[in-house]
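Colleague: The structure that follows is given in the form of structure tokens.
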Protein chains: 6
Amino acid sequence: MLASRSLGVIRGASSTLSSYNISARAMSNLVPAYSSYNNLNVSQPSEFVYNLELNRPKKMNALSMEMWGEIGDFFDRVGEDSDCRVVVLSAAGKMFTSGIDLVDLSELASVVYSDDDIARKCTVMYNKIRRLQKQFSTLEHCPKPIIGAIHSACIGGGVDLICGVDIRMCTEDAWFQVKEVDMGLAADVGTLQRLPRAIGSQSLVNELCLTARKLKAPEAEKIGLVSRVYANKEEMMAAALEMAANIAAKSPVAVQGTKINLAYSREHSPDEGLDYIARFNMAMLQSEDVMKSAMASMDKTAPPPTFAKL
Amino acid sequence: MLASRSLGVIRGASSTLSSYNISARAMSNLVPAYSSYNNLNVSQPSEFVYNLELNRPKKMNALSMEMWGEIGDFFDRVGEDSDCRVVVLSAAGKMFTSGIDLVDLSELASVVYSDDDIARKCTVMYNKIRRLQKQFSTLEHCPKPIIGAIHSACIGGGVDLICGVDIRMCTEDAWFQVKEVDMGLAADVGTLQRLPRAIGSQSLVNELCLTARKLKAPEAEKIGLVSRVYANKEEMMAAALEMAANIAAKSPVAVQGTKINLAYSREHSPDEGLDYIARFNMAMLQSEDVMKSAMASMDKTAPPPTFAKL
Amino acid sequence: MLASRSLGVIRGASSTLSSYNISARAMSNLVPAYSSYNNLNVSQPSEFVYNLELNRPKKMNALSMEMWGEIGDFFDRVGEDSDCRVVVLSAAGKMFTSGIDLVDLSELASVVYSDDDIARKCTVMYNKIRRLQKQFSTLEHCPKPIIGAIHSACIGGGVDLICGVDIRMCTEDAWFQVKEVDMGLAADVGTLQRLPRAIGSQSLVNELCLTARKLKAPEAEKIGLVSRVYANKEEMMAAALEMAANIAAKSPVAVQGTKINLAYSREHSPDEGLDYIARFNMAMLQSEDVMKSAMASMDKTAPPPTFAKL
Amino acid sequence: MLASRSLGVIRGASSTLSSYNISARAMSNLVPAYSSYNNLNVSQPSEFVYNLELNRPKKMNALSMEMWGEIGDFFDRVGEDSDCRVVVLSAAGKMFTSGIDLVDLSELASVVYSDDDIARKCTVMYNKIRRLQKQFSTLEHCPKPIIGAIHSACIGGGVDLICGVDIRMCTEDAWFQVKEVDMGLAADVGTLQRLPRAIGSQSLVNELCLTARKLKAPEAEKIGLVSRVYANKEEMMAAALEMAANIAAKSPVAVQGTKINLAYSREHSPDEGLDYIARFNMAMLQSEDVMKSAMASMDKTAPPPTFAKL
Amino acid sequence: MLASRSLGVIRGASSTLSSYNISARAMSNLVPAYSSYNNLNVSQPSEFVYNLELNRPKKMNALSMEMWGEIGDFFDRVGEDSDCRVVVLSAAGKMFTSGIDLVDLSELASVVYSDDDIARKCTVMYNKIRRLQKQFSTLEHCPKPIIGAIHSACIGGGVDLICGVDIRMCTEDAWFQVKEVDMGLAADVGTLQRLPRAIGSQSLVNELCLTARKLKAPEAEKIGLVSRVYANKEEMMAAALEMAANIAAKSPVAVQGTKINLAYSREHSPDEGLDYIARFNMAMLQSEDVMKSAMASMDKTAPPPTFAKL
Amino acid sequence: MLASRSLGVIRGASSTLSSYNISARAMSNLVPAYSSYNNLNVSQPSEFVYNLELNRPKKMNALSMEMWGEIGDFFDRVGEDSDCRVVVLSAAGKMFTSGIDLVDLSELASVVYSDDDIARKCTVMYNKIRRLQKQFSTLEHCPKPIIGAIHSACIGGGVDLICGVDIRMCTEDAWFQVKEVDMGLAADVGTLQRLPRAIGSQSLVNELCLTARKLKAPEAEKIGLVSRVYANKEEMMAAALEMAANIAAKSPVAVQGTKINLAYSREHSPDEGLDYIARFNMAMLQSEDVMKSAMASMDKTAPPPTFAKL
């Protein structure tokens, strides 16, 4: 099925993608360094582009503790993997993800219903929550841009996950649900912290988190949660991979510097953000990438510049 | 008139609301604990839902100092009133509110035109402003969600007020006006502080506050100030009460935890917000509400869970 | 060419503008205090309104170091120029600006390719970047509102510039491009710091900054980067000048207080923002402008109030 | 006993105090507005000086919930009581305070051992803690300076209390103990939050809070917790009242402005603190107190200036 | 040599320590879980007390990358090791530490002198620095208190290390040196960030960091860098172990809660710190440790309470 | 008189200073670039060391607006003057400074007693205060370390000034007075913002600011306001210049990096401070100064390294 999807991508985007050296073969090639995951596929559809695929389709990509840990491990490692400049995050199977795997909640229950003193139980719970949080925060701390390509259902923990992504796109049949309130808890692995930064309407953020109603693709686009909606998964993946290849062809110094400084600026005043990037760029502006990029932008007929790994 | 409106609500929403036990009788029942207010009506349209109604219709619901104080008192007390889980804030009469009552401004003038030393006058003014601010800040600090249902005009202090609400909806004939700049002053009880967090377009926030132009319902929805626009007050109230009943039927631990953590996260970095909710949930995840909710979500045929008061 | 545009403005907006005393003569009158600039025109189209025009049309208004310095000097001085209450920022010629002047980058190259120790080069670079940043930050620190009227291309440094403006409007043929990533660098004079505050959709901010794709006027309006799109430059200028005149007719105490407190509130929690404005207004509410404005709003037939300079 | 102490004060400090109009009679005069407290004595030893005395000597001034509430009420009200410019906080009886009243802890136990759901118990506890915290935070928010005069034991909740005081002095036999860790809990009403700001040595702060060891007067002075140590309570009270009278004789605009801005500056960067005081002083420097003070400082032979109430 | 030191401890402190069950045997017993370290000894001198000993005496305990990593690993793991409640950090051999191992700097040089593009070298350097920083930050994030017992020289990286310790004590012959400025760099693994919080005199912090002068034990005590100075290592170790045993005998809920909240409070305003501990204690006050501690403090003749592991 | 003082310096410190090439001639040489000041002397006592001397001795170095402006101008320019690596700030004549020049206050009075509207007067005052503040903030923003050498009286504005200095030393007859409260105002150019960061005892900071009592040299040293007290001005100047020469002989990359990062760290959490210096050092560690310094520290017999200008 992966193969046929890959073909679809190529068919739908062949003219634009060909210059980025994407082939069906490349896409189906799993990256060996990440081949040990049980719940994720990591392939390299084009140069410097990785496709991280949630791959537990029979379980609707439910986020098990193991999968969660693999996601954290992947983004931790890919941050220093110079063969990767952009990550496309998508999912195999019928839906993006049904959210946290309820099976794992039984482990939680065993803590709750033990006879331990409450302070000990709280400490166990705190440590568990922090561990999950840190695994998802790797997306934010990873200096490589992440494009989320979401189809069909993205529920509960899935929303926490995609809130950590940089650019979001989805299919027409996609829908999002901040389901935690219906599970008797306040969402604690990212949605409440990041959704208010992701979309502009506070009233809608509150409504989505307090009512757990479904947010469908057109409204998701209107309110800015996703940048664009595509007719189907094939078209979306083609667009995502093209955007990824496009970004991957740019100077990684510029691209990663942009992500790093956008993240810093969101949490600091403009004055602080400006000082930080001045410290960053005082060195980075001396990079050869600046001159290479400047020349390329002046001479459009020359071959595109190649940038050293980063 | 209240009665006929209540009937309207029931008629428009009978099918969905019936399961939440809302009756016209309940709606018109004022809650005794809050019956002493001169400018507010507090009724209980359905279980755990309060409807706070600005009730000075002959004065266009102008915000007098007395009314202002009653609003602060209400949200202060309702925060610890376990019979209430959601508040719908609406207004009786022709419009939502014409803003601050100009009669009260004469008191201000008497301070300004006294012969006191400027430092003394400043201290009096500072204390007065702070008191008003604190009364409106009770909306933000109240852990119960507040749904604002706005019809017709919402002017000046009214905008300050509804900026403190969690979810906003309005009628087609509603309009909003940040009028303070036309009164010779910078808005100082909430609009300048909260409107930039409420809607995403900085350019529009600035324009609205600097020009005092009217913002009409369709644009208010487009820019995200309100979540939804309804044809008339009846439909809006039906929708607001249905949403309220819907939220009130969920675990109050989850709902209040969601509001509390959304508020915290808006003013802190994701890393800080995540640590805060981990401290919060290390205990709250041990609540019986989690198990009750989890079971209910697995067995949709069972009766909805009832949650202990909070 | 300036003259014909001015006429266009008058024609398009004659009925509404006449009451603000705008004439073609006034518009073409340069303000003597700012006549020494080589790259900027400062005219006074109506009372208390200045029009700052980028005026290097043959160079596509490329932002040279000299021009950059003049912009910083202008907003620094106009902040305390009591003849100005609102600034309209527009550009002469075919486009708004093509961005930073590449000629100036050669100066940068001479630093990069010198034999100096890296620490010395970094210090030179840091100081250069900080100087440019401070020149653009004058827009934010200037207490007078700034309306940006953008036509055709607004590229690279131009986006950094207009991110510092309070209210943005543009023509139908306008387009914006965060081009720095294509030049091999992370944008370091304002875009990465201010664009996330200007528009609500984080996904789009990231996409624009990481892909350098063009953002066209309709999408710019939809996502809230600009408040309004106009058919052509004439109509836009008429609207900008009318809005400016409208604001300039209000109390400058109220207008500047609004801008100052909006800026403060964006970087502080509501509680902090409320305390700050209470300190501000404890004195400002004693201004005669409050009484003048209050009276004018009660007696609409009286002539509009005149406010002392500020 | 109060009378004899008062006499002692007068004897020990008669020469310096006489000019401030302090008399034994004044000191023993309780201030009627605050006479309803069951656990506090509020007297006025000299003009504009209040002496708040913990007055539960038979119970070692154990901090009962009632006393706690009275302290909060007092500082809340005295902040706007223009007859008071400085507060001296001292204690009647053998010791300053033995800390929280253990009797009240039984109420706590009844919550802990109830059958309620943990989330409900947590909410009750949270609300209780917040209430106690807010009552002690009134010291910090009160704009009038507070001088703490501590004798003998100051334990547990007593340290939380005196951490909110502006200037601390003590007797030679005084000792301090952060006792909470020995009660099985982290101190939660101020010590952990304010002690690190009160003294410079982080190692000692940590040691005191983690070991609950007694800190005796000489070391308390050496590390800066108290400004000065006095031989006995009489001498300390004389010094405290003289310092209070001294401060009370200054412009209240200057004194309260100093406290307010010191508090603000501790929680903000110098740049932010400077901007805040500029907003404060833009009005306050226009006060008549500045001219009166300036003249008095130039002509030392003139009678001391009298300042209007604030 | 370890054995003789242990004996010394016992001899010097036998009376006080006996009640804590410390024996020479226990002290020399290495904790198996941490026995794989090449540069550290981890022993358990008494119940719930670990002694982490820098153990590269032939190399003057120079901080090699390997040792650095082991320190990070130890504090990371010990944070969740319920057999440990307090850590004493000391060093074997002639001095505490001579600072960073210069051998490792050659690795740094190989990066600096490579032909790579500057942006790539910067990224490598940034990642290296961050890794070292994170390894030392584990001390701060570890919820168990850490007592630093420093003898003889503590230089460069050693100061960075002990700035992360909670309570510091030293021998009379100890001295400290912020040596980085003499190595041509600004200290970047903790000293510049934590020393200003550790001691009160800003002038001295600046002087120490800018001049690299030696700070000897008596001055270190006077300015509060260390809590106490002891005649020799034996006495210091006895005191450190006694303090550790003392803390270890208290409720770990109280002790760890105290450290966690002190750390939080240092970086937040009192109001924020108070809210955070209220969220913490709303659950922790329900712990059985509170009742056990309360009872023990009332009945001094009863055996000391035993607390469940945490 | 300058000459004789210079001689004193040489006599008192000849042995240690000789290696730094200090001569009486150098000291008395004014630096031409700063010779236009009317109230300041800028000399160069040794290589890379500037001595800024307040030089209005007949007026007790009262801080006139002109002098204030010159101080701001000096530190602004010296920050980028690569011939200077350290500044010693001292004063000519009988005392350090008597504080703000009362003559200038008359200008203030003319604003206060004008008939202008209060809002206009406030704006004038705000702008004046901000200008003064910014002139003193240049000390903090200047990357070169500043050593304050204070003799005799340092009053009012003088304390604001020396709070911006990095290292403070004084003579035995020196005394400090936060006099503003006696002038009827809260100190608004730095003392209230920076003194709480300069010394550890909050109680003493409050006392000094609220009582305006004199702080004499011994107590100033005890509480850490100054690092050291010297018998007289000659000895102090010798020590200050020796310390300055010592610092000036080190790598300016290291020294300035230390000051910059200490300043940043004071206003940010350790985690933020660590990230900032990692961005700083990712480039600076590649400087040749690191290798030069490392070699010099290994081979003590070699001549001291010379560092390129910065």
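Chain labels A, B, ... are given in the sequence in which chains occur in the structure tokens; within each chain residues are numbered consecutively from 1, and ligands are likewise numbered from 1 in the order shown.
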Pull out every residue of chain C that has at least one atom within 8 Å of chain F, counting only C-alpha atoms, and report them as a VMD selection string.

Modeller: chain C and resid 117 to 120 122 to 123 253 283 to 284 286 to 288 308 to 310

Colleague: Find the spatial neighbours of Cys170 of chain E, counting only C-alpha atoms, within a cut-off of 7 Å - ignore same-chain residues fewer than 3 positions away - and output them as a list in words.

Modeller: Ala149, Ile150, His151, Ala174, Ala217, Val226, Arg228, Val229, Tyr230 and Met236 of chain E

Colleague: Can you spit out the residues from that selection as an mmCIF file, in the first residue's frame, using C-alpha atoms?

Modeller:
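Writing the result to part_24.cif gives the following:
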data_model
loop_
_atom_site.group_PDB
_atom_site.id
_atom_site.type_symbol
_atom_site.label_atom_id
_atom_site.label_comp_id
_atom_site.auth_asym_id
_atom_site.auth_seq_id
_atom_site.Cartn_x
_atom_site.Cartn_y
_atom_site.Cartn_z
ATOM 1 C CA ALA E 149 31.793 19.404 50.733
ATOM 2 C CA ILE E 150 34.768 21.124 49.169
ATOM 3 C CA HIS E 151 38.407 20.878 50.219
ATOM 4 C CA ALA E 174 39.692 25.557 50.402
ATOM 5 C CA ALA E 217 37.496 29.938 52.566
ATOM 6 C CA VAL E 226 29.527 28.477 51.745
ATOM 7 C CA ARG E 228 30.286 26.969 57.097
ATOM 8 C CA VAL E 229 34.064 26.412 57.151
ATOM 9 C CA TYR E 230 35.620 23.448 58.935
ATOM 10 C CA MET E 236 33.790 18.775 57.277
#

Colleague: Could you please write out, as a VMD selection string, every residue of segment 89-306 of chain E that DSSP assigns to strand (DSSP E)?

Modeller: chain E and resid 89 to 91 146 to 150 153 to 155 167 to 171 175 to 177 215 to 216 228 to 230

Colleague: Include N, CA and C atoms and write out the residues we just selected as a PDB file, in the first residue's frame.

Modeller:
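Below is the file that was written, again37.pdb:
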ATOM      1  N   LEU E  89      28.252  15.577  47.992  1.00  0.00           N
ATOM      2  CA  LEU E  89      29.214  15.590  46.889  1.00  0.00           C
ATOM      3  C   LEU E  89      30.568  16.019  47.423  1.00  0.00           C
ATOM      4  N   SER E  90      31.555  15.114  47.358  1.00  0.00           N
ATOM      5  CA  SER E  90      32.892  15.454  47.832  1.00  0.00           C
ATOM      6  C   SER E  90      33.903  14.907  46.832  1.00  0.00           C
ATOM      7  N   ALA E  91      35.185  14.999  47.184  1.00  0.00           N
ATOM      8  CA  ALA E  91      36.196  14.561  46.233  1.00  0.00           C
ATOM      9  C   ALA E  91      37.319  13.831  46.947  1.00  0.00           C
ATOM     10  N   ILE E 146      21.420  18.311  47.638  1.00  0.00           N
ATOM     11  CA  ILE E 146      22.823  17.979  47.432  1.00  0.00           C
ATOM     12  C   ILE E 146      23.669  18.887  48.317  1.00  0.00           C
ATOM     13  N   ILE E 147      24.520  18.262  49.123  1.00  0.00           N
ATOM     14  CA  ILE E 147      25.426  19.020  49.984  1.00  0.00           C
ATOM     15  C   ILE E 147      26.817  18.929  49.394  1.00  0.00           C
ATOM     16  N   GLY E 148      27.406  20.066  49.072  1.00  0.00           N
ATOM     17  CA  GLY E 148      28.760  20.071  48.526  1.00  0.00           C
ATOM     18  C   GLY E 148      29.779  20.242  49.643  1.00  0.00           C
ATOM     19  N   ALA E 149      30.745  19.335  49.713  1.00  0.00           N
ATOM     20  CA  ALA E 149      31.793  19.404  50.733  1.00  0.00           C
ATOM     21  C   ALA E 149      33.121  19.554  50.009  1.00  0.00           C
ATOM     22  N   ILE E 150      33.655  20.762  50.045  1.00  0.00           N
ATOM     23  CA  ILE E 150      34.768  21.124  49.169  1.00  0.00           C
ATOM     24  C   ILE E 150      36.047  21.317  49.980  1.00  0.00           C
ATOM     25  N   ALA E 153      41.556  22.977  46.397  1.00  0.00           N
ATOM     26  CA  ALA E 153      41.230  23.769  45.213  1.00  0.00           C
ATOM     27  C   ALA E 153      39.923  23.353  44.544  1.00  0.00           C
ATOM     28  N   CYS E 154      39.174  24.351  44.152  1.00  0.00           N
ATOM     29  CA  CYS E 154      37.952  24.147  43.355  1.00  0.00           C
ATOM     30  C   CYS E 154      38.004  25.192  42.247  1.00  0.00           C
ATOM     31  N   ILE E 155      38.370  24.763  41.055  1.00  0.00           N
ATOM     32  CA  ILE E 155      38.786  25.689  40.000  1.00  0.00           C
ATOM     33  C   ILE E 155      37.932  25.515  38.749  1.00  0.00           C
ATOM     34  N   ILE E 167      23.596  23.124  49.238  1.00  0.00           N
ATOM     35  CA  ILE E 167      24.235  23.642  50.441  1.00  0.00           C
ATOM     36  C   ILE E 167      25.735  23.414  50.289  1.00  0.00           C
ATOM     37  N   ARG E 168      26.507  24.458  50.517  1.00  0.00           N
ATOM     38  CA  ARG E 168      27.960  24.341  50.354  1.00  0.00           C
ATOM     39  C   ARG E 168      28.664  24.516  51.692  1.00  0.00           C
ATOM     40  N   MET E 169      29.662  23.667  51.947  1.00  0.00           N
ATOM     41  CA  MET E 169      30.553  23.851  53.092  1.00  0.00           C
ATOM     42  C   MET E 169      31.955  23.565  52.589  1.00  0.00           C
ATOM     43  N   CYS E 170      32.970  24.043  53.322  1.00  0.00           N
ATOM     44  CA  CYS E 170      34.334  23.799  52.846  1.00  0.00           C
ATOM     45  C   CYS E 170      35.315  23.754  54.004  1.00  0.00           C
ATOM     46  N   THR E 171      36.534  23.353  53.686  1.00  0.00           N
ATOM     47  CA  THR E 171      37.602  23.315  54.685  1.00  0.00           C
ATOM     48  C   THR E 171      38.320  24.667  54.722  1.00  0.00           C
ATOM     49  N   TRP E 175      39.839  26.877  48.428  1.00  0.00           N
ATOM     50  CA  TRP E 175      39.766  28.127  47.660  1.00  0.00           C
ATOM     51  C   TRP E 175      39.093  27.866  46.320  1.00  0.00           C
ATOM     52  N   PHE E 176      38.495  28.923  45.812  1.00  0.00           N
ATOM     53  CA  PHE E 176      37.660  28.859  44.614  1.00  0.00           C
ATOM     54  C   PHE E 176      38.222  29.825  43.573  1.00  0.00           C
ATOM     55  N   GLN E 177      38.153  29.437  42.334  1.00  0.00           N
ATOM     56  CA  GLN E 177      38.640  30.337  41.291  1.00  0.00           C
ATOM     57  C   GLN E 177      37.813  30.198  40.013  1.00  0.00           C
ATOM     58  N   LEU E 215      39.346  33.005  45.675  1.00  0.00           N
ATOM     59  CA  LEU E 215      38.484  33.315  46.807  1.00  0.00           C
ATOM     60  C   LEU E 215      38.762  32.276  47.878  1.00  0.00           C
ATOM     61  N   LYS E 216      39.252  32.735  49.016  1.00  0.00           N
ATOM     62  CA  LYS E 216      39.619  31.766  50.049  1.00  0.00           C
ATOM     63  C   LYS E 216      38.458  31.503  51.009  1.00  0.00           C
ATOM     64  N   ARG E 228      29.418  27.171  55.949  1.00  0.00           N
ATOM     65  CA  ARG E 228      30.286  26.969  57.097  1.00  0.00           C
ATOM     66  C   ARG E 228      31.661  26.497  56.636  1.00  0.00           C
ATOM     67  N   VAL E 229      32.696  26.855  57.425  1.00  0.00           N
ATOM     68  CA  VAL E 229      34.064  26.412  57.151  1.00  0.00           C
ATOM     69  C   VAL E 229      34.505  25.491  58.280  1.00  0.00           C
ATOM     70  N   TYR E 230      35.161  24.403  57.930  1.00  0.00           N
ATOM     71  CA  TYR E 230      35.620  23.448  58.935  1.00  0.00           C
ATOM     72  C   TYR E 230      37.141  23.354  58.903  1.00  0.00           C
TER      73      TYR E 230
END

Colleague: Name the residues in contact with Met298 of chain A at a cut-off of 12 Å, using only C-alpha atoms, excluding same-chain residues fewer than 5 positions from it; report them as a compact mmCIF listing (two decimals) with N, CA, C and O atoms, in the first residue's frame.

Modeller:
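Printed below is out-v7.txt as written:
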# COMPACT_ATOMS: atom_id res chain seq x y z
N MET A 291 26.71 33.60 0.81
CA MET A 291 27.24 33.98 -0.50
C MET A 291 26.69 33.07 -1.58
O MET A 291 26.27 33.52 -2.64
N LYS A 292 26.67 31.76 -1.33
CA LYS A 292 26.11 30.82 -2.31
C LYS A 292 24.67 31.18 -2.65
O LYS A 292 24.26 31.18 -3.81
N SER A 293 23.88 31.47 -1.62
CA SER A 293 22.47 31.79 -1.85
C SER A 293 22.34 33.10 -2.60
O SER A 293 21.51 33.23 -3.52
N PRO A 303 23.05 26.35 -11.95
CA PRO A 303 22.46 25.23 -11.22
C PRO A 303 22.23 25.65 -9.76
O PRO A 303 22.97 26.49 -9.24
N PRO A 304 21.24 25.06 -9.13
CA PRO A 304 20.98 25.44 -7.73
C PRO A 304 22.19 25.11 -6.87
O PRO A 304 22.91 24.14 -7.13
N PRO A 305 22.47 25.91 -5.88
CA PRO A 305 23.66 25.70 -5.06
C PRO A 305 23.50 24.42 -4.22
O PRO A 305 22.39 24.02 -3.91
N LEU C 102 21.15 45.28 -2.16
CA LEU C 102 22.24 44.30 -2.22
C LEU C 102 23.61 44.96 -2.28
O LEU C 102 24.62 44.36 -1.89
N ASP C 182 15.84 32.48 1.42
CA ASP C 182 16.44 32.26 0.11
C ASP C 182 17.78 32.96 -0.05
O ASP C 182 18.51 32.70 -1.01
N MET C 183 18.07 33.86 0.86
CA MET C 183 19.37 34.53 0.84
C MET C 183 20.36 33.83 1.78
O MET C 183 21.46 34.33 2.00

Colleague: Env of Val165 of chain D: 10 Å cut, atoms = only C-alpha atoms, seq-sep filter 3 positions within chain, self excluded. Answer as a ChimeraX atom specification.

Modeller: /D:87-89,136-137,139-140,145-149,160-162,168,198 /F:202-203,206

Colleague: What's the 12 Å shell around His268 of chain E, counting only C-alpha atoms, without same-chain residues fewer than 6 positions away, as a ChimeraX atom specification?

Modeller: /B:268,272 /D:192-194,196-197,266-268 /E:261-262,274-277 /F:267-269

Colleague: Quick one: everything within 9 Å of Gly157 of chain B, counting only C-alpha atoms, minus sequence neighbours fewer than 6 positions away in the same chain. Send it as a VMD selection string.

Modeller: chain B and resid 62 to 63 97 to 100 178 to 180 187 189 to 191
